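Engineer: Coordinates in data_31.pdb, PDB, C-alpha atoms, are listed below.
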```pdb
MODEL        1
ATOM      1  CA  MET A   8     145.884 106.591  95.190
ATOM      2  CA  LYS A   9     144.796 105.914  98.780
ATOM      3  CA  LYS A  10     143.883 109.542  99.280
ATOM      4  CA  THR A  11     141.713 109.569  96.140
ATOM      5  CA  THR A  12     140.002 106.331  97.177
ATOM      6  CA  LEU A  13     139.322 107.723 100.646
ATOM      7  CA  ILE A  14     137.846 110.928  99.230
ATOM      8  CA  LEU A  15     135.633 108.974  96.821
ATOM      9  CA  CYS A  16     134.426 106.688  99.629
ATOM     10  CA  LEU A  17     133.604 109.631 101.881
ATOM     11  CA  PHE A  18     131.874 111.488  99.058
ATOM     12  CA  SER A  19     129.769 108.471  98.050
ATOM     13  CA  SER A  20     128.868 107.651 101.664
ATOM     14  CA  TYR A  21     127.745 111.249 102.138
ATOM     15  CA  PHE A  22     125.303 110.943  99.234
ATOM     16  CA  PHE A  23     124.128 107.559 100.493
ATOM     17  CA  LEU A  24     123.509 108.750 104.053
ATOM     18  CA  GLN A  25     122.101 112.219 103.389
ATOM     19  CA  GLY A  26     118.646 110.835 102.600
ATOM     20  CA  CYS A  27     118.308 108.934 105.885
ATOM     21  CA  ALA A  28     115.350 109.878 108.044
ATOM     22  CA  SER A  29     115.419 109.911 111.790
ATOM     23  CA  SER A  30     112.544 109.207 114.127
ATOM     24  CA  SER A  31     111.922 109.218 117.816
ATOM     25  CA  VAL A  32     111.121 106.102 119.770
ATOM     26  CA  GLY A  33     107.960 105.745 121.843
ATOM     27  CA  VAL A  34     105.300 108.437 121.872
ATOM     28  CA  ALA A  35     105.965 110.648 118.862
ATOM     29  CA  ALA A  36     103.995 113.674 120.008
ATOM     30  CA  SER A  37     101.179 114.612 122.314
ATOM     31  CA  ASN A  38      99.166 117.680 123.184
ATOM     32  CA  ARG A  39     100.365 117.537 126.814
ATOM     33  CA  PRO A  40     103.485 116.213 128.535
ATOM     34  CA  LEU A  41     103.180 112.531 129.469
ATOM     35  CA  ALA A  42     106.415 111.855 131.310
ATOM     36  CA  ASN A  43     105.999 108.879 133.682
ATOM     37  CA  ILE A  44     102.192 108.995 133.581
ATOM     38  CA  PRO A  45     100.532 105.622 132.921
ATOM     39  CA  TYR A  46      97.719 105.797 130.379
ATOM     40  CA  GLU A  47      95.469 103.567 128.318
ATOM     41  CA  THR A  48      94.267 104.164 124.770
ATOM     42  CA  VAL A  49      90.555 104.961 124.483
ATOM     43  CA  LYS A  50      90.240 105.115 120.676
ATOM     44  CA  SER A  51      91.776 106.497 117.501
ATOM     45  CA  VAL A  52      90.443 109.669 115.920
ATOM     46  CA  ASP A  53      90.720 111.108 112.423
ATOM     47  CA  LYS A  54      89.509 114.654 111.700
ATOM     48  CA  THR A  55      89.726 116.914 108.658
ATOM     49  CA  PHE A  56      89.270 120.675 108.878
ATOM     50  CA  THR A  57      88.611 122.891 105.847
ATOM     51  CA  TRP A  58      88.717 126.647 105.351
ATOM     52  CA  TYR A  59      88.843 128.920 102.309
ATOM     53  CA  SER A  60      90.771 131.997 101.264
ATOM     54  CA  PHE A  61      90.523 134.446  98.385
ATOM     55  CA  ASP A  62      93.782 135.336  96.635
ATOM     56  CA  ILE A  63      94.458 137.817  93.829
ATOM     57  CA  ILE A  64      98.230 137.950  93.193
ATOM     58  CA  LEU A  65      99.494 140.146  96.074
ATOM     59  CA  PHE A  66      96.208 140.550  97.942
ATOM     60  CA  ALA A  67      94.815 137.628  99.950
ATOM     61  CA  MET A  68      91.897 137.415 102.333
ATOM     62  CA  SER A  69      90.787 134.421 104.362
ATOM     63  CA  THR A  70      87.062 133.703 104.648
ATOM     64  CA  GLY A  71      87.608 132.123 108.053
ATOM     65  CA  ASN A  72      90.302 131.507 110.603
ATOM     66  CA  PRO A  73      92.258 128.268 110.413
ATOM     67  CA  PRO A  74      90.901 125.961 113.144
ATOM     68  CA  ILE A  75      94.348 125.099 114.474
ATOM     69  CA  ASP A  76      93.593 126.409 117.983
ATOM     70  CA  GLU A  77      90.439 124.332 118.415
ATOM     71  CA  ILE A  78      91.739 121.054 116.977
ATOM     72  CA  TYR A  79      92.544 119.268 120.222
ATOM     73  CA  THR A  80      89.404 120.564 121.924
ATOM     74  CA  GLU A  81      87.261 119.165 119.100
ATOM     75  CA  MET A  82      89.120 115.863 119.140
ATOM     76  CA  LEU A  83      88.543 115.467 122.888
ATOM     77  CA  ALA A  84      84.942 116.741 122.788
ATOM     78  CA  GLY A  85      82.388 114.113 123.714
ATOM     79  CA  GLU A  86      85.033 111.571 124.676
ATOM     80  CA  ASP A  87      86.209 110.517 128.109
ATOM     81  CA  ALA A  88      89.874 111.205 127.335
ATOM     82  CA  ASP A  89      92.631 113.330 128.821
ATOM     83  CA  ALA A  90      95.133 113.745 125.961
ATOM     84  CA  VAL A  91      95.910 113.035 122.305
ATOM     85  CA  VAL A  92      99.086 111.066 121.526
ATOM     86  CA  ASN A  93     100.813 109.731 118.398
ATOM     87  CA  ILE A  94      99.701 112.779 116.462
ATOM     88  CA  ARG A  95     100.050 112.584 112.683
ATOM     89  CA  TYR A  96      98.946 115.406 110.426
ATOM     90  CA  TRP A  97      98.793 116.456 106.783
ATOM     91  CA  ASN A  98      97.723 119.551 104.918
ATOM     92  CA  ASP A  99      96.993 120.494 101.343
ATOM     93  CA  LYS A 100      95.518 123.303  99.347
ATOM     94  CA  SER A 101      93.531 123.297  96.129
ATOM     95  CA  ILE A 102      93.474 126.374  93.927
ATOM     96  CA  PHE A 103      90.289 127.137  91.989
ATOM     97  CA  GLY A 104      91.079 130.440  90.290
ATOM     98  CA  PRO A 105      91.190 133.107  93.002
ATOM     99  CA  VAL A 106      89.615 130.784  95.615
ATOM    100  CA  ILE A 107      91.895 128.487  97.621
ATOM    101  CA  ARG A 108      90.609 125.570  99.694
ATOM    102  CA  HIS A 109      92.883 124.644 102.603
ATOM    103  CA  ARG A 110      92.525 121.248 104.294
ATOM    104  CA  PHE A 111      94.233 120.106 107.463
ATOM    105  CA  GLY A 112      93.899 116.485 108.531
ATOM    106  CA  ILE A 113      94.967 115.105 111.865
ATOM    107  CA  LYS A 114      95.026 111.586 113.273
ATOM    108  CA  GLY A 115      95.822 110.542 116.798
ATOM    109  CA  ASP A 116      95.014 108.254 119.692
ATOM    110  CA  LEU A 117      92.880 109.472 122.568
ATOM    111  CA  VAL A 118      94.199 108.337 125.935
ATOM    112  CA  LYS A 119      92.909 108.354 129.494
ATOM    113  CA  PHE A 120      95.295 108.506 132.415
ATOM    114  CA  SER A 121      95.167 105.257 134.385
ATOM    115  CA  GLY A 122      95.830 106.717 137.813
ATOM    116  CA  GLY A 123      92.959 109.218 137.684
ATOM    117  CA  THR A 124      93.897 112.865 137.379
ATOM    118  CA  PRO A 125      97.534 113.435 136.386
ATOM    119  CA  PRO A 126      99.761 115.082 138.977
ATOM    120  CA  LYS A 127     100.026 118.848 138.589
ATOM    121  CA  GLY A 128     103.316 120.734 138.599
ATOM    122  CA  LYS A 129     104.633 122.417 141.723
ATOM    123  CA  LYS A 130     103.722 126.058 142.199
TER     124      LYS A 130
ENDMDL
END
```
Will you turn the file into structure tokens for me?
Structural biologist:
Amino acid sequence: MKKTTLILCLFSSYFFLQGCASSSVGVAASNRPLANIPYETVKSVDKTFTWYSFDIILFAMSTGNPPIDEIYTEMLAGEDADAVVNIRYWNDKSIFGPVIRHRFGIKGDLVKFSGGTPPKGKK
């Protein structure tokens, strides 16, 4: 009886705990390492990027490159900031027949290092 009760308790606790989410404490993510560098938040930014692709069953062709490489450059453009922190993103796609619209949204906080230029690594 004790063995059955123990197995049932372990089994039910497994199902209860399997849906738990974990998160990190502090700065969730950034586009550059910020270990021990004091910074101040300049402002929050929210950008959405869109591109299209053409898809017919096994053959697909994009009408443009996804702007993933230029995201941080565009977010920092025109601002007096050194990095993007607390990055949150989402993506979706809408299918209109053979045409697919891809959207990528990103939110983050622009920060400026308090002590001037951050120290560079040793060479």
Engineer: Can you tell me, as number ranges by chain, what residues are no more than 12 Å from Gly104 of chain A when counting only C-alpha atoms, ignoring any on the same chain fewer than 5 positions away?
Structural biologist: A: 60-64
Engineer: Give me the residues within 8 Å of Trp58 of chain A as a list in words, counting all atoms listed in the file and dropping any in the same chain fewer than 2 places off.
Structural biologist: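 That gives Phe56, Ser60, Thr70, Gly71, Asn72, Pro73, Arg108, His109 and Arg110 of chain A.
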Engineer: Report, in Å with one decimal, the straight-line distance from atom CA of Ile113 of chain A to atom CA of Tyr46 of chain A.
Structural biologist: 20.9 Å
Engineer: Please identify all polymer residues within 10 Å of Ile78 of chain A, counting only C-alpha atoms, omitting same-chain residues fewer than 2 positions from it, and present them as a ChimeraX atom specification.
Structural biologist: /A:54-56,73-76,80-84,111-113
Engineer: Mind giving me the straight-line distance from atom CA of Gly115 of chain A to atom CA of Thr48 of chain A in Å, one decimal?
Structural biologist: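 Taking atom CA of Gly115 of chain A and atom CA of Thr48 of chain A, their separation equals 10.3 Å.
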Engineer: Only N, CA and C atoms, as an mmCIF file, in the first residue's frame: that is what I want for segment 91-121 of chain A.
Structural biologist:
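Result went into decode14.cif, see below:
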```cif
data_model
loop_
_atom_site.group_PDB
_atom_site.id
_atom_site.type_symbol
_atom_site.label_atom_id
_atom_site.label_comp_id
_atom_site.auth_asym_id
_atom_site.auth_seq_id
_atom_site.Cartn_x
_atom_site.Cartn_y
_atom_site.Cartn_z
ATOM 1 N N VAL A 91 21.646 47.025 -26.275
ATOM 2 C CA VAL A 91 20.221 46.741 -26.086
ATOM 3 C C VAL A 91 20.123 45.624 -25.052
ATOM 4 N N VAL A 92 19.323 45.837 -24.004
ATOM 5 C CA VAL A 92 19.156 44.827 -22.959
ATOM 6 C C VAL A 92 17.681 44.502 -22.800
ATOM 7 N N ASN A 93 17.396 43.469 -22.017
ATOM 8 C CA ASN A 93 16.027 43.001 -21.769
ATOM 9 C C ASN A 93 15.285 42.773 -23.084
ATOM 10 N N ILE A 94 15.904 42.027 -23.954
ATOM 11 C CA ILE A 94 15.361 41.808 -25.292
ATOM 12 C C ILE A 94 14.218 40.806 -25.232
ATOM 13 N N ARG A 95 13.081 41.207 -25.814
ATOM 14 C CA ARG A 95 11.916 40.342 -25.943
ATOM 15 C C ARG A 95 11.520 40.351 -27.418
ATOM 16 N N TYR A 96 11.212 39.183 -27.959
ATOM 17 C CA TYR A 96 10.871 39.143 -29.371
ATOM 18 C C TYR A 96 9.691 38.224 -29.633
ATOM 19 N N TRP A 97 9.080 38.393 -30.792
ATOM 20 C CA TRP A 97 7.985 37.541 -31.243
ATOM 21 C C TRP A 97 8.072 37.463 -32.762
ATOM 22 N N ASN A 98 7.488 36.415 -33.311
ATOM 23 C CA ASN A 98 7.409 36.316 -34.760
ATOM 24 C C ASN A 98 6.120 35.620 -35.145
ATOM 25 N N ASP A 99 5.642 35.929 -36.333
ATOM 26 C CA ASP A 99 4.462 35.259 -36.856
ATOM 27 C C ASP A 99 4.535 35.266 -38.376
ATOM 28 N N LYS A 100 3.695 34.447 -38.964
ATOM 29 C CA LYS A 100 3.596 34.454 -40.413
ATOM 30 C C LYS A 100 2.139 34.309 -40.803
ATOM 31 N N SER A 101 1.767 35.031 -41.845
ATOM 32 C CA SER A 101 0.412 34.988 -42.383
ATOM 33 C C SER A 101 0.494 34.448 -43.801
ATOM 34 N N ILE A 102 -0.363 33.481 -44.096
ATOM 35 C CA ILE A 102 -0.336 32.835 -45.404
ATOM 36 C C ILE A 102 -1.511 33.336 -46.225
ATOM 37 N N PHE A 103 -1.210 33.926 -47.373
ATOM 38 C CA PHE A 103 -2.216 34.411 -48.312
ATOM 39 C C PHE A 103 -2.004 33.673 -49.628
ATOM 40 N N GLY A 104 -2.532 32.459 -49.718
ATOM 41 C CA GLY A 104 -2.301 31.630 -50.898
ATOM 42 C C GLY A 104 -0.835 31.254 -50.966
ATOM 43 N N PRO A 105 -0.173 31.533 -52.097
ATOM 44 C CA PRO A 105 1.248 31.190 -52.201
ATOM 45 C C PRO A 105 2.184 32.253 -51.595
ATOM 46 N N VAL A 106 1.627 33.380 -51.154
ATOM 47 C CA VAL A 106 2.448 34.453 -50.584
ATOM 48 C C VAL A 106 2.396 34.370 -49.059
ATOM 49 N N ILE A 107 3.557 34.436 -48.428
ATOM 50 C CA ILE A 107 3.642 34.363 -46.968
ATOM 51 C C ILE A 107 4.280 35.651 -46.452
ATOM 52 N N ARG A 108 3.599 36.295 -45.507
ATOM 53 C CA ARG A 108 4.153 37.490 -44.866
ATOM 54 C C ARG A 108 4.753 37.081 -43.527
ATOM 55 N N HIS A 109 6.022 37.353 -43.336
ATOM 56 C CA HIS A 109 6.719 37.060 -42.087
ATOM 57 C C HIS A 109 6.888 38.369 -41.329
ATOM 58 N N ARG A 110 6.591 38.354 -40.032
ATOM 59 C CA ARG A 110 6.818 39.531 -39.188
ATOM 60 C C ARG A 110 7.655 39.118 -37.992
ATOM 61 N N PHE A 111 8.584 39.973 -37.640
ATOM 62 C CA PHE A 111 9.452 39.751 -36.491
ATOM 63 C C PHE A 111 9.441 41.031 -35.671
ATOM 64 N N GLY A 112 8.953 40.938 -34.446
ATOM 65 C CA GLY A 112 8.902 42.099 -33.567
ATOM 66 C C GLY A 112 9.892 41.948 -32.440
ATOM 67 N N ILE A 113 10.510 43.043 -32.073
ATOM 68 C CA ILE A 113 11.500 43.008 -31.002
ATOM 69 C C ILE A 113 11.329 44.243 -30.125
ATOM 70 N N LYS A 114 11.428 44.020 -28.825
ATOM 71 C CA LYS A 114 11.352 45.102 -27.846
ATOM 72 C C LYS A 114 12.592 45.010 -26.973
ATOM 73 N N GLY A 115 13.056 46.137 -26.518
ATOM 74 C CA GLY A 115 14.222 46.137 -25.647
ATOM 75 C C GLY A 115 14.459 47.511 -25.063
ATOM 76 N N ASP A 116 15.419 47.596 -24.184
ATOM 77 C CA ASP A 116 15.796 48.854 -23.549
ATOM 78 C C ASP A 116 17.183 49.243 -24.038
ATOM 79 N N LEU A 117 17.294 50.469 -24.539
ATOM 80 C CA LEU A 117 18.595 50.983 -24.944
ATOM 81 C C LEU A 117 19.319 51.498 -23.715
ATOM 82 N N VAL A 118 20.582 51.156 -23.580
ATOM 83 C CA VAL A 118 21.358 51.582 -22.420
ATOM 84 C C VAL A 118 22.651 52.258 -22.865
ATOM 85 N N LYS A 119 23.119 53.148 -22.018
ATOM 86 C CA LYS A 119 24.402 53.824 -22.219
ATOM 87 C C LYS A 119 25.274 53.490 -21.028
ATOM 88 N N PHE A 120 26.520 53.139 -21.294
ATOM 89 C CA PHE A 120 27.432 52.796 -20.216
ATOM 90 C C PHE A 120 27.769 54.043 -19.421
ATOM 91 N N SER A 121 27.683 53.948 -18.103
ATOM 92 C CA SER A 121 27.874 55.103 -17.227
ATOM 93 C C SER A 121 29.320 55.574 -17.181
#
```
